[in-house]
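Reading through the structure tokens given below for one structure.
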Amino acid sequence: MKKILISLIAVSAILLLSPQIFNTKAGASQPDVKVENSTHTTDQAKTGTAGDHGSGHAAPHIDGKSLSLLWIIPFVGILLSIALFPLLTPHFWHHHYGKVSLFWWIIFFGAFCANFSIGTGFYYLLEVYMLEFIPFITLLLALFTVAGGIQLKGDLAGTPKVNTIMILIGGFLASFMGTTGAAMLLIRPILKANEWRKNRTHIVVFVIFVVANVGGGLTPLGDPPLFLGFLKGVDFFWTMKHMLPLVSFIIGVLLVIFFIMDTYYYRKEENKPVKKADGEKLRLVGIPNMLLIPCIIGAVIVSSLKLGTAFTLHYVEVPLASVLQVAFLLIITIVSLRISDPSIREGNGFNWEPINEVAKLFATIFMTMVTPIAMLRAGADGPMGMVIKGVVDSNGEFINSHFFWATGILSSFLDNAPTYLVFFNTAGGNPADLMGVHAGTLLAISAGAVFMGANTYIGNAPNFMTKSIAEESGVPMPSFFGYMFKYSIPILIPVFILVTFIFF
Amino acid sequence: MGKNYYEVVFEGSYNIICGMLEGFILGKNVNWEWYSSKDAGIETETFTEIIKEWASLKTRLHHIVLEEDFHNALQSSLKDRGDQKHVKLKYTKSARLIKSCSFKFTANAFAKKYGEEIKAIIASPPAGVVIEGYTPVEELDTSAKGVELYAPVHDYTFRGEGTAKGEAGSIVAFRKVLNDHPLVQVSSIKLEF
């Protein structure tokens, strides 16, 4: 019944929106669709812009220049829903986030098909889901499943030294098993080690800073924005090579601050535990799953090989390498489930809900991103020219520090993956150019999206998860604004200012 | 009938005042109660005192809560010693009988274990303390069990707030018990004269 109601509201909204969208552009009485002699593949996206097509079939293509700004409403709507509903009405959101996501999807797709024809809508639907969404969600699925089969064990004292080492390990692992997996792996052992302490809030906050965010900056496996960049053609090792100095610098500074803070609070503790002589040493368990992490890296790298086309569906050529990547990742997921010790998954509180959430929400994010990205690709004269003008100087050169802060500030409040793509396309969206002449710009976008997700609870998905697990373990976590004013603004922002001066 | 307490303002060095009080107790060999407002979380300072402290850059006025017998014995001894000694009556700036004292608390827990801990503490306050306005709420949402990323809701929520009122000694002790629990927030103790 509720679904029917939501569908009716969505259809009504489409009917209300469509005439405005159709009539906003003078003279645009006909849908502005160009038919190009092309097909769109990931390989092409990796070597040029979406519009650079070769000869082939007559693939539909929307012209970003002639789009109305109203087309960003569903995209902004889903992002604001993700940002605001958990804060304002958490129980409603918990039970209905899938319906809210579906609502924005129907609004967008309905209006898109009504405006540009069902064929064009279907083309973009296939392109988005087959070339981007499916590889994205299968990677997250594999990483999450494998990470859920690994556990950090040991009788730890929760001293400043031990805590600092644990956060450092988590920061390192985040780049190879994803920030969500690393945070899930680390948060429970670190909470257990510090169970006896009264002041534990700062420890969880630094886990959010380092493990759930900054640590994920080294590879496309670490954080969804970087994987989206990889899907768009950014080389796997480019990210590692260029992000290493930044990630090392920020983690180094944050760990020094953490050690000083933790030492201060540790000294204030009244009842320090006696060190066990026969205590279990710190160790990772779940070795078979650890061996699967290099397999995931291999599967991701396979997708960048040029192996030709596996099949074509409604003008969309699906590369064989992409099909292989998805197949390998699914096999890794199944193998991980088969070989894992169930007690490890139980200890990690493993369930499928996080993947369920990502799938339902990102299915809409990816689809609704089609029009804003087309507008950004239209350049400074396009409908979103003001965004581009905000990050270029009078000579038309990119200002990297502006990219860093603009991507970062938006990533602090909206999900960082779509924010990364928005600025990736603001910078032209050409991976070859962005890895070469404009490497500094791509670095600024990557750093802003990955690092500044730590600025708020809503900046990156694992932040909320870490907070939630900590609260259930008896740690009093600050409110949304408490987190910002007590921790992220006084600690992270000065570090990011320093990063701006040193690196951009 | 509970004990009566006085809030006494002493002028001087904090450590010397503490030493004097402890020395007096040792000398009399009576186990009297006394609480430093600073350590016990008692709201005391007046706006004038804060300005004076800022102006002089040091704290000279110290609020101490003493039980009535202690206060009477101390004042009587100070009177007897006169003003020629180091410990003088004139350094006692004021003494007010406390009618009642209270503090507010709020608690939030997201696991049954911690909710039960808090409920147990609040359910058995020390003698002489009454809890007012305490209406705890417990919510269970079995669908929210497990790890979540974008829609995190706890499967168990406990919320409670209230006011604890009573005689100073018991209130100070109860506030410390609540304050020691990481999921309970307490306000400073308010005194009424």
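Each chain in the structure tokens gets a letter, A, B and so on, in the order shown; residues start at 1 in every chain, and ligands are counted from 1 in the order they appear.
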Sorted per-residue table, region 187-235 of chain A near region 341-356 of chain A, closest atoms and distance, 10 Å, only C-alpha atoms, as CSV:
```
residue,atom,partner,partner_atom,distance
A:Ile187,CA,A:Asn348,CA,9.2
A:Arg188,CA,A:Asn348,CA,7.5
A:Pro189,CA,A:Asn348,CA,9.6
```
Please determine the contact residues of chain A with respect to chain B at a cut-off of 8 Å, counting only C-alpha atoms, and supply them as a PyMOL selection string. chain A and resi 82+86+90-91+93-94+97+198-199+349-351+353-354+357-358+461-465+468-469+471-476
Expected file: the selected residues, C-alpha atoms, as a compact mmCIF listing (two decimals), in the first residue's frame:
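Result went into again_4.txt, see below:
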```txt
# COMPACT_ATOMS: atom_id res chain seq x y z
CA ILE A 82 21.00 10.67 2.95
CA PRO A 86 19.27 10.05 9.63
CA PRO A 90 16.31 8.28 12.11
CA HIS A 91 13.56 5.70 12.64
CA TRP A 93 14.81 6.70 7.52
CA HIS A 94 15.84 3.32 8.89
CA TYR A 97 15.29 4.70 3.07
CA LYS A 198 36.24 6.35 31.35
CA ASN A 199 37.46 8.74 28.63
CA GLY A 349 28.65 -8.24 13.92
CA PHE A 350 28.61 -9.08 10.22
CA ASN A 351 25.31 -8.80 8.32
CA GLU A 353 22.48 -4.56 5.81
CA PRO A 354 25.38 -2.20 4.90
CA GLU A 357 21.89 0.17 2.05
CA VAL A 358 24.69 1.02 -0.39
CA ALA A 461 29.33 5.92 5.44
CA PRO A 462 31.62 4.18 7.99
CA ASN A 463 31.52 7.23 10.28
CA PHE A 464 27.95 6.51 11.35
CA MET A 465 28.67 2.79 11.64
CA SER A 468 26.82 3.45 16.33
CA ILE A 469 29.02 0.50 17.39
CA GLU A 471 27.54 3.89 21.43
CA GLU A 472 26.33 0.32 21.78
CA SER A 473 29.58 -0.41 23.62
CA GLY A 474 28.90 2.32 26.17
CA VAL A 475 30.96 5.16 24.71
CA PRO A 476 29.24 8.54 24.94
```
Which polymer residues have any atom within 12 Å of an atom of Trp238 (chain A), counting only C-alpha atoms, with same-chain residues fewer than 6 positions away left out, as an MDAnalysis selection string? chainID A and resid 217:220 226 229:230 244 431:432 434:436 439:440 442:443 446
Okay, now the selection with N, CA and C atoms, as an mmCIF file, in the first residue's frame?
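Full text of selection.cif as output:
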```cif
data_model
loop_
_atom_site.group_PDB
_atom_site.id
_atom_site.type_symbol
_atom_site.label_atom_id
_atom_site.label_comp_id
_atom_site.auth_asym_id
_atom_site.auth_seq_id
_atom_site.Cartn_x
_atom_site.Cartn_y
_atom_site.Cartn_z
ATOM 1 N N GLY A 217 42.801 6.488 1.530
ATOM 2 C CA GLY A 217 43.209 7.332 0.396
ATOM 3 C C GLY A 217 44.252 6.763 -0.535
ATOM 4 N N LEU A 218 44.793 5.594 -0.207
ATOM 5 C CA LEU A 218 45.931 5.122 -1.000
ATOM 6 C C LEU A 218 45.573 4.388 -2.295
ATOM 7 N N THR A 219 44.473 3.674 -2.284
ATOM 8 C CA THR A 219 44.128 2.897 -3.491
ATOM 9 C C THR A 219 42.632 3.048 -3.812
ATOM 10 N N PRO A 220 42.248 2.689 -5.030
ATOM 11 C CA PRO A 220 40.817 2.734 -5.380
ATOM 12 C C PRO A 220 39.975 1.761 -4.544
ATOM 13 N N LEU A 226 37.472 7.008 -4.912
ATOM 14 C CA LEU A 226 38.660 6.638 -5.690
ATOM 15 C C LEU A 226 38.346 5.483 -6.641
ATOM 16 N N GLY A 229 36.714 6.959 -9.572
ATOM 17 C CA GLY A 229 37.761 7.528 -10.413
ATOM 18 C C GLY A 229 38.412 6.439 -11.254
ATOM 19 N N PHE A 230 38.654 5.305 -10.628
ATOM 20 C CA PHE A 230 39.244 4.168 -11.350
ATOM 21 C C PHE A 230 38.311 3.718 -12.470
ATOM 22 N N LEU A 244 50.179 8.879 -1.645
ATOM 23 C CA LEU A 244 51.015 8.395 -0.537
ATOM 24 C C LEU A 244 51.586 9.519 0.350
ATOM 25 N N PRO A 431 40.400 11.459 -17.916
ATOM 26 C CA PRO A 431 41.379 10.875 -16.993
ATOM 27 C C PRO A 431 42.823 11.034 -17.455
ATOM 28 N N ALA A 432 43.044 10.956 -18.773
ATOM 29 C CA ALA A 432 44.418 11.087 -19.272
ATOM 30 C C ALA A 432 44.963 12.469 -18.942
ATOM 31 N N LEU A 434 43.802 14.472 -16.587
ATOM 32 C CA LEU A 434 43.849 14.670 -15.131
ATOM 33 C C LEU A 434 45.005 13.908 -14.475
ATOM 34 N N MET A 435 45.458 12.852 -15.101
ATOM 35 C CA MET A 435 46.614 12.142 -14.533
ATOM 36 C C MET A 435 47.930 12.750 -15.019
ATOM 37 N N GLY A 436 47.844 13.584 -16.050
ATOM 38 C CA GLY A 436 49.051 14.162 -16.622
ATOM 39 C C GLY A 436 49.209 15.623 -16.271
ATOM 40 N N ALA A 439 47.533 16.747 -12.952
ATOM 41 C CA ALA A 439 47.646 15.754 -11.868
ATOM 42 C C ALA A 439 47.365 16.380 -10.502
ATOM 43 N N GLY A 440 47.818 17.630 -10.336
ATOM 44 C CA GLY A 440 47.600 18.327 -9.061
ATOM 45 C C GLY A 440 46.123 18.519 -8.778
ATOM 46 N N LEU A 442 43.603 16.559 -9.938
ATOM 47 C CA LEU A 442 43.015 15.261 -9.581
ATOM 48 C C LEU A 442 43.395 14.880 -8.147
ATOM 49 N N LEU A 443 44.617 15.214 -7.782
ATOM 50 C CA LEU A 443 45.068 14.932 -6.415
ATOM 51 C C LEU A 443 44.232 15.730 -5.408
ATOM 52 N N SER A 446 40.766 14.159 -5.220
ATOM 53 C CA SER A 446 40.821 12.878 -4.501
ATOM 54 C C SER A 446 41.006 13.123 -3.005
#
```
Looking only at strand (DSSP E) from DSSP on the backbone, list the matching residues of region 58-174 of chain B as a count of residues only. 43
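Take the candidates B:Ile42, B:Ile16, B:Ile98, B:Ala164 and check each one against Leu178 (chain B) using only C-alpha atoms; the shortest distance goes to B:Ala164.
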Considering only C-alpha atoms, state which residue in the set A:Gly252, A:Pro225, A:Pro319, A:Gly428 is at the smallest distance from Leu168 (chain A). A:Gly252
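If you look at CA of Asp262 (chain A) and CA of Glu195 (chain A), they are 14.3 Å away from each other.
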